[in-house]
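Next comes query_34.cif, a file with mmCIF, C-alpha atoms.
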```cif
data_input
#
loop_
_atom_site.group_PDB
_atom_site.id
_atom_site.type_symbol
_atom_site.label_atom_id
_atom_site.label_comp_id
_atom_site.auth_asym_id
_atom_site.auth_seq_id
_atom_site.Cartn_x
_atom_site.Cartn_y
_atom_site.Cartn_z
ATOM 1 C CA MET A 402 71.011 150.625 168.091
ATOM 2 C CA THR A 403 69.476 147.554 166.511
ATOM 3 C CA VAL A 404 65.698 147.142 166.578
ATOM 4 C CA LYS A 405 63.959 143.832 165.998
ATOM 5 C CA LEU A 406 60.728 143.308 164.091
ATOM 6 C CA SER A 407 59.110 142.194 167.352
ATOM 7 C CA ASP A 408 60.202 145.533 168.934
ATOM 8 C CA LEU A 409 58.432 147.406 166.126
ATOM 9 C CA VAL A 410 55.206 145.628 166.979
ATOM 10 C CA ASP A 411 55.467 146.782 170.602
ATOM 11 C CA ILE A 412 56.751 150.310 170.016
ATOM 12 C CA LEU A 413 54.335 151.126 167.186
ATOM 13 C CA ASP A 414 51.339 149.109 168.386
ATOM 14 C CA ALA A 415 51.645 147.484 164.975
ATOM 15 C CA GLU A 416 50.021 144.516 163.327
ATOM 16 C CA ILE A 417 52.169 142.141 161.263
ATOM 17 C CA ILE A 418 50.555 141.559 157.881
ATOM 18 C CA VAL A 419 53.461 139.661 156.303
ATOM 19 C CA GLY A 420 56.424 138.202 158.186
ATOM 20 C CA HIS A 421 55.041 136.485 161.307
ATOM 21 C CA GLU A 422 57.932 134.023 161.042
ATOM 22 C CA ASN A 423 60.555 136.810 160.893
ATOM 23 C CA THR A 424 60.092 138.533 164.263
ATOM 24 C CA ASP A 425 63.808 138.168 165.039
ATOM 25 C CA LEU A 426 64.866 140.184 161.978
ATOM 26 C CA SER A 427 66.849 143.222 163.095
ATOM 27 C CA PHE A 428 67.395 146.658 161.601
ATOM 28 C CA ASP A 429 69.811 149.577 162.108
ATOM 29 C CA PHE A 430 68.531 152.047 159.511
ATOM 30 C CA CYS A 431 65.231 153.573 158.557
ATOM 31 C CA THR A 432 63.757 155.841 155.911
ATOM 32 C CA ALA A 433 60.325 157.450 155.540
ATOM 33 C CA SER A 434 58.758 158.530 152.265
ATOM 34 C CA ASP A 435 55.673 158.430 150.104
ATOM 35 C CA LEU A 436 57.877 159.022 147.085
ATOM 36 C CA MET A 437 59.172 155.763 145.695
ATOM 37 C CA SER A 438 61.571 157.833 143.573
ATOM 38 C CA ASP A 439 63.251 158.876 146.830
ATOM 39 C CA VAL A 440 63.381 155.276 148.054
ATOM 40 C CA LEU A 441 65.180 154.342 144.838
ATOM 41 C CA ARG A 442 67.772 157.068 145.383
ATOM 42 C CA GLY A 443 69.067 155.096 148.363
ATOM 43 C CA PRO A 444 71.010 154.084 150.233
ATOM 44 C CA THR A 445 67.952 152.221 151.535
ATOM 45 C CA GLU A 446 69.216 148.631 151.329
ATOM 46 C CA GLY A 447 68.529 146.675 154.506
ATOM 47 C CA SER A 448 66.473 149.502 156.002
ATOM 48 C CA ILE A 449 62.882 149.883 157.202
ATOM 49 C CA LEU A 450 60.618 151.926 154.910
ATOM 50 C CA ILE A 451 57.887 153.929 156.649
ATOM 51 C CA THR A 452 55.249 155.010 154.142
ATOM 52 C CA GLY A 453 51.664 156.097 153.736
ATOM 53 C CA LEU A 454 51.425 154.534 150.270
ATOM 54 C CA ASN A 455 49.779 151.130 150.049
ATOM 55 C CA ASN A 456 49.930 150.271 146.344
ATOM 56 C CA THR A 457 51.802 147.730 144.241
ATOM 57 C CA GLN A 458 54.688 150.084 143.481
ATOM 58 C CA VAL A 459 55.631 150.147 147.178
ATOM 59 C CA ILE A 460 56.602 146.475 147.085
ATOM 60 C CA ARG A 461 58.205 146.690 143.626
ATOM 61 C CA ALA A 462 60.362 149.667 144.655
ATOM 62 C CA SER A 463 61.220 147.900 147.931
ATOM 63 C CA VAL A 464 62.320 144.731 146.144
ATOM 64 C CA ILE A 465 64.406 146.704 143.650
ATOM 65 C CA ALA A 466 65.993 148.907 146.353
ATOM 66 C CA HIS A 467 66.568 145.972 148.780
ATOM 67 C CA VAL A 468 64.362 147.484 151.498
ATOM 68 C CA ALA A 469 64.150 144.998 154.402
ATOM 69 C CA ALA A 470 60.721 145.810 155.918
ATOM 70 C CA ILE A 471 57.742 148.088 155.266
ATOM 71 C CA VAL A 472 55.702 149.944 157.901
ATOM 72 C CA LEU A 473 52.386 151.368 156.696
ATOM 73 C CA VAL A 474 51.200 154.336 158.742
ATOM 74 C CA ARG A 475 47.665 155.404 159.747
ATOM 75 C CA LYS A 476 46.539 151.770 159.615
ATOM 76 C CA LYS A 477 46.603 151.697 155.816
ATOM 77 C CA ARG A 478 45.459 148.385 154.409
ATOM 78 C CA PRO A 479 47.928 147.176 151.732
ATOM 79 C CA ASN A 480 46.524 146.221 148.359
ATOM 80 C CA GLU A 481 46.487 142.547 147.427
ATOM 81 C CA ASP A 482 49.475 142.741 145.052
ATOM 82 C CA LEU A 483 51.579 144.393 147.763
ATOM 83 C CA VAL A 484 50.869 141.474 150.103
ATOM 84 C CA ILE A 485 51.514 138.831 147.404
ATOM 85 C CA GLY A 486 54.794 140.514 146.424
ATOM 86 C CA ALA A 487 55.905 140.877 150.046
ATOM 87 C CA LYS A 488 55.332 137.157 150.675
ATOM 88 C CA GLU A 489 57.096 136.198 147.450
ATOM 89 C CA HIS A 490 60.156 138.323 148.240
ATOM 90 C CA ASP A 491 60.127 137.711 151.987
ATOM 91 C CA ILE A 492 59.739 141.381 152.992
ATOM 92 C CA PRO A 493 57.795 141.882 156.252
ATOM 93 C CA VAL A 494 54.888 144.358 156.149
ATOM 94 C CA LEU A 495 53.458 145.950 159.300
ATOM 95 C CA ARG A 496 50.720 148.508 159.792
ATOM 96 C CA THR A 497 50.380 150.935 162.625
ATOM 97 C CA PRO A 498 47.624 153.357 163.615
ATOM 98 C CA LEU A 499 50.281 156.040 164.261
ATOM 99 C CA THR A 500 51.109 158.885 161.868
ATOM 100 C CA MET A 501 54.372 159.034 159.928
ATOM 101 C CA PHE A 502 55.723 161.809 162.174
ATOM 102 C CA THR A 503 55.055 159.829 165.339
ATOM 103 C CA VAL A 504 56.505 156.617 163.912
ATOM 104 C CA CYS A 505 59.682 158.456 162.869
ATOM 105 C CA GLY A 506 59.991 160.060 166.298
ATOM 106 C CA LYS A 507 59.541 156.818 168.205
ATOM 107 C CA LEU A 508 62.002 154.872 166.064
ATOM 108 C CA SER A 509 64.537 157.685 166.191
ATOM 109 C CA ARG A 510 64.336 157.671 170.000
ATOM 110 C CA MET A 511 64.918 153.911 169.896
ATOM 111 C CA GLY A 512 68.231 154.606 168.179
ATOM 112 C CA LEU A 513 67.450 153.745 164.557
ATOM 113 C CA ARG A 514 69.448 155.941 162.199
ATOM 114 C CA GLY A 515 68.550 157.641 158.909
ATOM 115 C CA VAL A 516 69.908 156.028 155.745
ATOM 116 C CA GLU A 517 72.148 159.014 154.979
ATOM 117 C CA GLU A 518 74.227 158.103 158.043
ATOM 118 C CA ARG A 519 75.333 154.843 156.457
ATOM 119 C CA VAL A 520 77.335 156.604 153.704
ATOM 120 C CA MET B 34 115.467 123.377 132.951
ATOM 121 C CA THR B 35 114.196 126.026 135.307
ATOM 122 C CA GLY B 36 112.103 127.547 132.544
ATOM 123 C CA MET B 37 110.501 124.220 131.678
ATOM 124 C CA ALA B 38 109.630 123.591 135.312
ATOM 125 C CA ARG B 39 107.971 126.980 135.521
ATOM 126 C CA HIS B 40 105.921 126.256 132.413
ATOM 127 C CA ALA B 41 104.815 122.972 133.833
ATOM 128 C CA GLY B 42 103.833 124.692 137.046
ATOM 129 C CA ILE B 43 101.711 127.203 135.215
ATOM 130 C CA ALA B 44 100.041 124.492 133.176
ATOM 131 C CA SER B 45 99.143 122.409 136.174
ATOM 132 C CA ARG B 46 97.798 125.302 138.272
ATOM 133 C CA ASN B 47 96.392 127.157 135.239
ATOM 134 C CA PRO B 48 96.115 130.560 136.946
ATOM 135 C CA PHE B 49 95.764 132.407 133.662
ATOM 136 C CA PRO B 50 93.001 130.950 131.483
ATOM 137 C CA GLY B 51 93.633 131.948 127.898
ATOM 138 C CA VAL B 52 97.432 131.857 128.191
ATOM 139 C CA SER B 53 99.228 128.778 126.956
ATOM 140 C CA PRO B 54 102.068 127.252 129.048
ATOM 141 C CA SER B 55 104.580 128.720 126.586
ATOM 142 C CA GLY B 56 103.216 132.192 127.265
ATOM 143 C CA LEU B 57 101.626 132.447 123.823
ATOM 144 C CA ARG B 58 98.336 134.357 123.915
ATOM 145 C CA ILE B 59 95.365 132.293 122.803
ATOM 146 C CA GLU B 60 91.656 133.155 122.676
ATOM 147 C CA PRO B 61 90.402 134.629 125.982
ATOM 148 C CA VAL B 62 88.205 132.315 127.992
ATOM 149 C CA PRO B 63 84.997 134.122 129.019
ATOM 150 C CA LEU B 64 83.853 133.757 132.626
ATOM 151 C CA MET B 65 80.368 133.097 131.287
ATOM 152 C CA PRO B 66 78.630 133.266 127.945
ATOM 153 C CA SER B 67 76.788 136.439 126.938
ATOM 154 C CA VAL B 68 73.131 136.556 127.877
ATOM 155 C CA GLU B 69 70.569 138.591 125.978
ATOM 156 C CA ARG B 70 66.901 139.020 126.817
ATOM 157 C CA LYS B 71 64.186 141.327 125.527
ATOM 158 C CA PHE B 72 61.063 142.385 127.398
ATOM 159 C CA ARG B 73 57.994 144.267 126.238
ATOM 160 C CA ILE B 74 56.695 147.213 128.282
ATOM 161 C CA ALA B 75 53.084 148.357 127.839
ATOM 162 C CA ALA B 76 52.045 151.998 128.157
ATOM 163 C CA ASN B 77 49.839 152.869 131.130
ATOM 164 C CA ASP B 78 49.996 149.293 132.472
ATOM 165 C CA PHE B 79 50.420 150.230 136.117
ATOM 166 C CA VAL B 80 49.384 146.764 137.285
ATOM 167 C CA ASN B 81 52.488 145.164 135.780
ATOM 168 C CA ALA B 82 54.801 148.193 135.860
ATOM 169 C CA GLY B 83 58.066 147.146 137.487
ATOM 170 C CA GLU B 84 57.822 143.432 136.716
ATOM 171 C CA VAL B 85 60.400 143.615 133.927
ATOM 172 C CA SER B 86 62.904 145.185 136.329
ATOM 173 C CA ILE B 87 62.227 142.576 138.989
ATOM 174 C CA GLU B 88 62.879 139.888 136.374
ATOM 175 C CA VAL B 89 66.125 141.635 135.392
ATOM 176 C CA GLN B 90 67.101 141.742 139.065
ATOM 177 C CA GLY B 91 66.306 138.023 139.422
ATOM 178 C CA MET B 92 68.526 137.137 136.433
ATOM 179 C CA LEU B 93 71.470 139.135 137.800
ATOM 180 C CA LYS B 94 71.061 137.589 141.256
ATOM 181 C CA LYS B 95 70.943 134.097 139.791
ATOM 182 C CA ILE B 96 74.165 134.685 137.854
ATOM 183 C CA GLY B 97 75.757 135.869 141.096
ATOM 184 C CA PHE B 98 76.657 139.506 140.453
ATOM 185 C CA PRO B 99 77.516 141.525 143.604
ATOM 186 C CA PRO B 100 74.372 142.893 145.356
ATOM 187 C CA ALA B 101 75.514 146.516 144.949
ATOM 188 C CA LEU B 102 75.879 146.130 141.163
ATOM 189 C CA THR B 103 72.605 144.200 140.904
ATOM 190 C CA ARG B 104 70.893 146.999 142.816
ATOM 191 C CA ARG B 105 72.325 149.734 140.569
ATOM 192 C CA VAL B 106 71.258 147.942 137.390
ATOM 193 C CA SER B 107 67.779 147.045 138.630
ATOM 194 C CA ILE B 108 67.112 150.558 139.982
ATOM 195 C CA SER B 109 68.053 151.977 136.574
ATOM 196 C CA ALA B 110 65.856 149.403 134.832
ATOM 197 C CA TYR B 111 62.940 150.269 137.115
ATOM 198 C CA GLU B 112 63.279 154.034 136.591
ATOM 199 C CA ALA B 113 63.440 153.501 132.818
ATOM 200 C CA GLU B 114 60.511 151.074 132.869
ATOM 201 C CA MET B 115 58.344 153.482 134.881
ATOM 202 C CA ASN B 116 59.188 156.290 132.445
ATOM 203 C CA VAL B 117 57.974 154.145 129.534
ATOM 204 C CA VAL B 118 54.767 153.187 131.365
ATOM 205 C CA MET B 119 54.045 156.784 132.422
ATOM 206 C CA HIS B 120 55.175 158.761 129.373
ATOM 207 C CA GLY B 121 56.552 156.619 126.649
ATOM 208 C CA GLY B 122 53.863 154.650 124.907
ATOM 209 C CA ASP B 123 54.697 151.014 124.317
ATOM 210 C CA GLY B 124 58.327 150.094 124.540
ATOM 211 C CA GLU B 125 60.972 147.463 124.954
ATOM 212 C CA MET B 126 63.821 146.741 127.349
ATOM 213 C CA ALA B 127 66.832 144.748 126.185
ATOM 214 C CA LEU B 128 69.319 143.300 128.644
ATOM 215 C CA LEU B 129 72.781 142.220 127.539
ATOM 216 C CA ILE B 130 75.047 140.575 130.066
ATOM 217 C CA ASP B 131 78.710 140.189 129.171
ATOM 218 C CA PRO B 132 81.556 139.162 131.459
ATOM 219 C CA ASP B 133 82.812 142.729 131.738
ATOM 220 C CA GLU B 134 79.680 144.795 131.108
ATOM 221 C CA ILE B 135 75.923 144.829 131.595
ATOM 222 C CA VAL B 136 73.951 146.889 129.089
ATOM 223 C CA LEU B 137 70.304 147.914 129.318
ATOM 224 C CA GLU B 138 68.645 149.432 126.264
ATOM 225 C CA CYS B 139 65.194 150.885 126.737
ATOM 226 C CA SER B 140 63.277 152.295 123.800
ATOM 227 C CA ASP B 141 59.742 153.538 123.369
ATOM 228 C CA ASN B 142 57.571 155.098 120.707
ATOM 229 C CA GLY B 143 56.214 157.835 122.947
ATOM 230 C CA PRO B 144 56.222 161.595 122.394
ATOM 231 C CA GLY B 145 59.971 161.890 123.000
ATOM 232 C CA ILE B 146 61.885 164.412 125.089
ATOM 233 C CA GLU B 147 62.098 167.902 123.638
ATOM 234 C CA ASP B 148 64.960 169.071 125.856
ATOM 235 C CA VAL B 149 67.139 166.204 127.088
ATOM 236 C CA GLU B 150 69.381 168.461 129.212
ATOM 237 C CA LEU B 151 66.312 169.772 131.052
ATOM 238 C CA ALA B 152 64.961 166.230 131.544
ATOM 239 C CA LEU B 153 68.266 165.297 133.190
ATOM 240 C CA THR B 154 67.890 168.129 135.711
ATOM 241 C CA PRO B 155 66.932 166.763 139.158
ATOM 242 C CA GLY B 156 63.379 167.803 140.018
ATOM 243 C CA TYR B 157 62.232 168.598 136.479
ATOM 244 C CA SER B 158 59.069 166.595 135.795
ATOM 245 C CA THR B 159 56.253 166.375 133.292
ATOM 246 C CA ALA B 160 54.408 163.695 135.293
ATOM 247 C CA LYS B 161 50.668 163.800 135.815
ATOM 248 C CA PRO B 162 49.099 163.952 139.292
ATOM 249 C CA GLU B 163 48.061 160.272 139.046
ATOM 250 C CA HIS B 164 51.713 159.287 138.573
ATOM 251 C CA GLN B 165 52.662 161.279 141.642
ATOM 252 C CA GLU B 166 49.938 159.589 143.676
ATOM 253 C CA MET B 167 51.739 156.306 142.975
ATOM 254 C CA GLY B 168 54.972 157.739 144.343
ATOM 255 C CA PHE B 169 56.598 158.649 141.033
ATOM 256 C CA GLY B 170 57.035 161.674 138.823
ATOM 257 C CA ALA B 171 59.297 163.657 141.157
ATOM 258 C CA GLY B 172 61.726 164.400 138.343
ATOM 259 C CA MET B 173 64.377 162.043 139.667
ATOM 260 C CA GLY B 174 64.125 159.178 137.143
ATOM 261 C CA LEU B 175 66.764 160.103 134.568
ATOM 262 C CA PRO B 176 69.085 161.756 137.147
ATOM 263 C CA ASN B 177 68.923 158.563 139.218
ATOM 264 C CA ILE B 178 69.806 156.426 136.194
ATOM 265 C CA LYS B 179 72.711 158.770 135.482
ATOM 266 C CA LYS B 180 73.882 158.343 139.080
ATOM 267 C CA ASN B 181 73.712 154.535 138.980
ATOM 268 C CA ALA B 182 74.972 153.742 135.481
ATOM 269 C CA THR B 183 78.621 153.875 134.441
ATOM 270 C CA GLU B 184 77.359 155.582 131.295
ATOM 271 C CA LEU B 185 73.940 156.843 130.186
ATOM 272 C CA VAL B 186 73.143 157.891 126.629
ATOM 273 C CA VAL B 187 69.752 159.482 125.938
ATOM 274 C CA GLU B 188 68.630 159.685 122.312
ATOM 275 C CA SER B 189 65.345 161.498 121.871
ATOM 276 C CA GLY B 190 63.546 164.402 120.289
ATOM 277 C CA LYS B 191 60.019 165.718 119.984
ATOM 278 C CA GLY B 192 57.894 163.081 118.241
ATOM 279 C CA LEU B 193 60.835 160.692 117.907
ATOM 280 C CA GLY B 194 60.368 158.393 120.901
ATOM 281 C CA THR B 195 63.174 157.821 123.381
ATOM 282 C CA HIS B 196 66.099 155.413 123.423
ATOM 283 C CA LEU B 197 68.193 155.007 126.562
ATOM 284 C CA THR B 198 71.465 153.100 126.630
ATOM 285 C CA MET B 199 72.673 152.312 130.146
ATOM 286 C CA ARG B 200 76.070 150.678 130.606
ATOM 287 C CA PHE B 201 77.371 149.181 133.835
ATOM 288 C CA GLU B 202 80.982 148.146 134.172
ATOM 289 C CA VAL B 203 81.509 144.760 135.815
ATOM 290 C CA LYS B 204 84.636 144.921 137.933
ATOM 291 C CA ALA B 205 86.442 141.676 138.610
#
```
Rewrite the coordinates I just gave you, this time as structure tokens.
Amino acid sequence: MTVKLSDLVDILDAEIIVGHENTDLSFDFCTASDLMSDVLRGPTEGSILITGLNNTQVIRASVIAHVAAIVLVRKKRPNEDLVIGAKEHDIPVLRTPLTMFTVCGKLSRMGLRGVEERV
Amino acid sequence: MTGMARHAGIASRNPFPGVSPSGLRIEPVPLMPSVERKFRIAANDFVNAGEVSIEVQGMLKKIGFPPALTRRVSISAYEAEMNVVMHGGDGEMALLIDPDEIVLECSDNGPGIEDVELALTPGYSTAKPEHQEMGFGAGMGLPNIKKNATELVVESGKGLGTHLTMRFEVKA
């Protein structure tokens, strides 16, 4: 099941911080982690990253690992470098008031699949 | 007569650069010239940590390497760069791009690795809590480089700094 960025806004009651012009972007895979080391282990390319981290390394790891969009849980406010990097590399960033568990559950019910299923 | 026609055909279509129409081997024609760049990496500079790897990724993209290969090289560069920033003291990353191989060499003058085999074990980590708060230090850095590189050579020892050589085969 493919989910669009605009669907994420509705499902997760999310706010778009970067990527207002990319609401038609669509995704099939998703991963959730606060460990950027895990994000780098892949196969996360083209997937949504759900994370509670809001620092610069989130955007650097996402650029390197070809992550397609970032969802920050618990309404975390991204640091300035994360936002600058996301704009520069065209990676949408959303934030939701929901917890990581709830976000994962909702997106799983929508039909998004874990990255291990793409192997 | 037939042979001459064939030679002419080869010359006009030139499907084999580096081979003369007579079949005589001449100097191979590289697909692109070698590229070499060096970058400095500063210890404990968490503001800029990762920028070298993003620049490496940008260079590979610009040249037009396949995304999967670009990803493998830049992930390895990033893991190595973060290791230098977190543990290594100041260091340097060298990137060599050849038509058939990409080589990353990362060296630092940090405390070195006492037991390289142990450091290559997934999950083994000497990271500090502040590294883990940034999402690193899970003991997956060197194992992840090993997974992504065609070949990884680790040269290190207590008090000797660390030198990583990461090779990536470029398949035509």
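With all atoms listed in the file as the basis for measurement, A:Val494 is the residue among A:Val494, A:Val419, A:Val404, A:Leu499 that approaches A:Val468 most closely.
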Inset, instruction - Could you expand the PyMOL selection byres ((chain A) within 10 of (chain B)) into the explicit residues it covers here, written as a PyMOL selection string? - result: chain A and resi 434-443+446+454-462+464-467+482
Padding 6 Å on every side, please: axis-aligned box over the listed atoms of stretch 193-196 of chain B, centre and edge lengths to one decimal in Å, as AutoDock Vina command-line options.
```
--center_x 63.2 --center_y 158.1 --center_z 120.7 --size_x 17.7 --size_y 17.3 --size_z 17.5
```
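Once the PyMOL selection byres ((chain A and resi 409) around 10) is applied to the depicted file, the selected set reads Val404, Lys405, Leu406, Ser407, Asp408, Val410, Asp411, Ile412, Leu413, Asp414, Ala415, Glu416, Ile417, Thr424, Ser427, Val472, Leu495, Thr497, Val504, Lys507, Leu508 and Met511 of chain A.
Across B:Met92, B:Ala76, B:Val187, B:Ala160, the tightest approach to B:Leu128 is made by B:Met92 when counting all atoms listed in the file.
Note that the spacing between atom CA of B:Leu185 and atom CA of B:Met126 amounts to 14.6 Å.
Among the candidates B:Leu93, B:Ala205, B:Ile74, B:Val117, the one nearest to B:Val136 when counting only C-alpha atoms is B:Leu93.
Across the structure, atom CA of B:His164 and atom CA of B:Asn116 are spaced 10.1 Å apart.
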Legend entry - Atomic distance atom CA of A:Pro479 - atom CA of B:Ala113, expressed in Å with one decimal: 25.3 Å
Inset, instruction - I need the residue set behind the PyMOL selection byres ((chain B and resi 142) around 6) for this file; please write it as an MDAnalysis selection string. - result: chainID B and resid 122 141 143 194
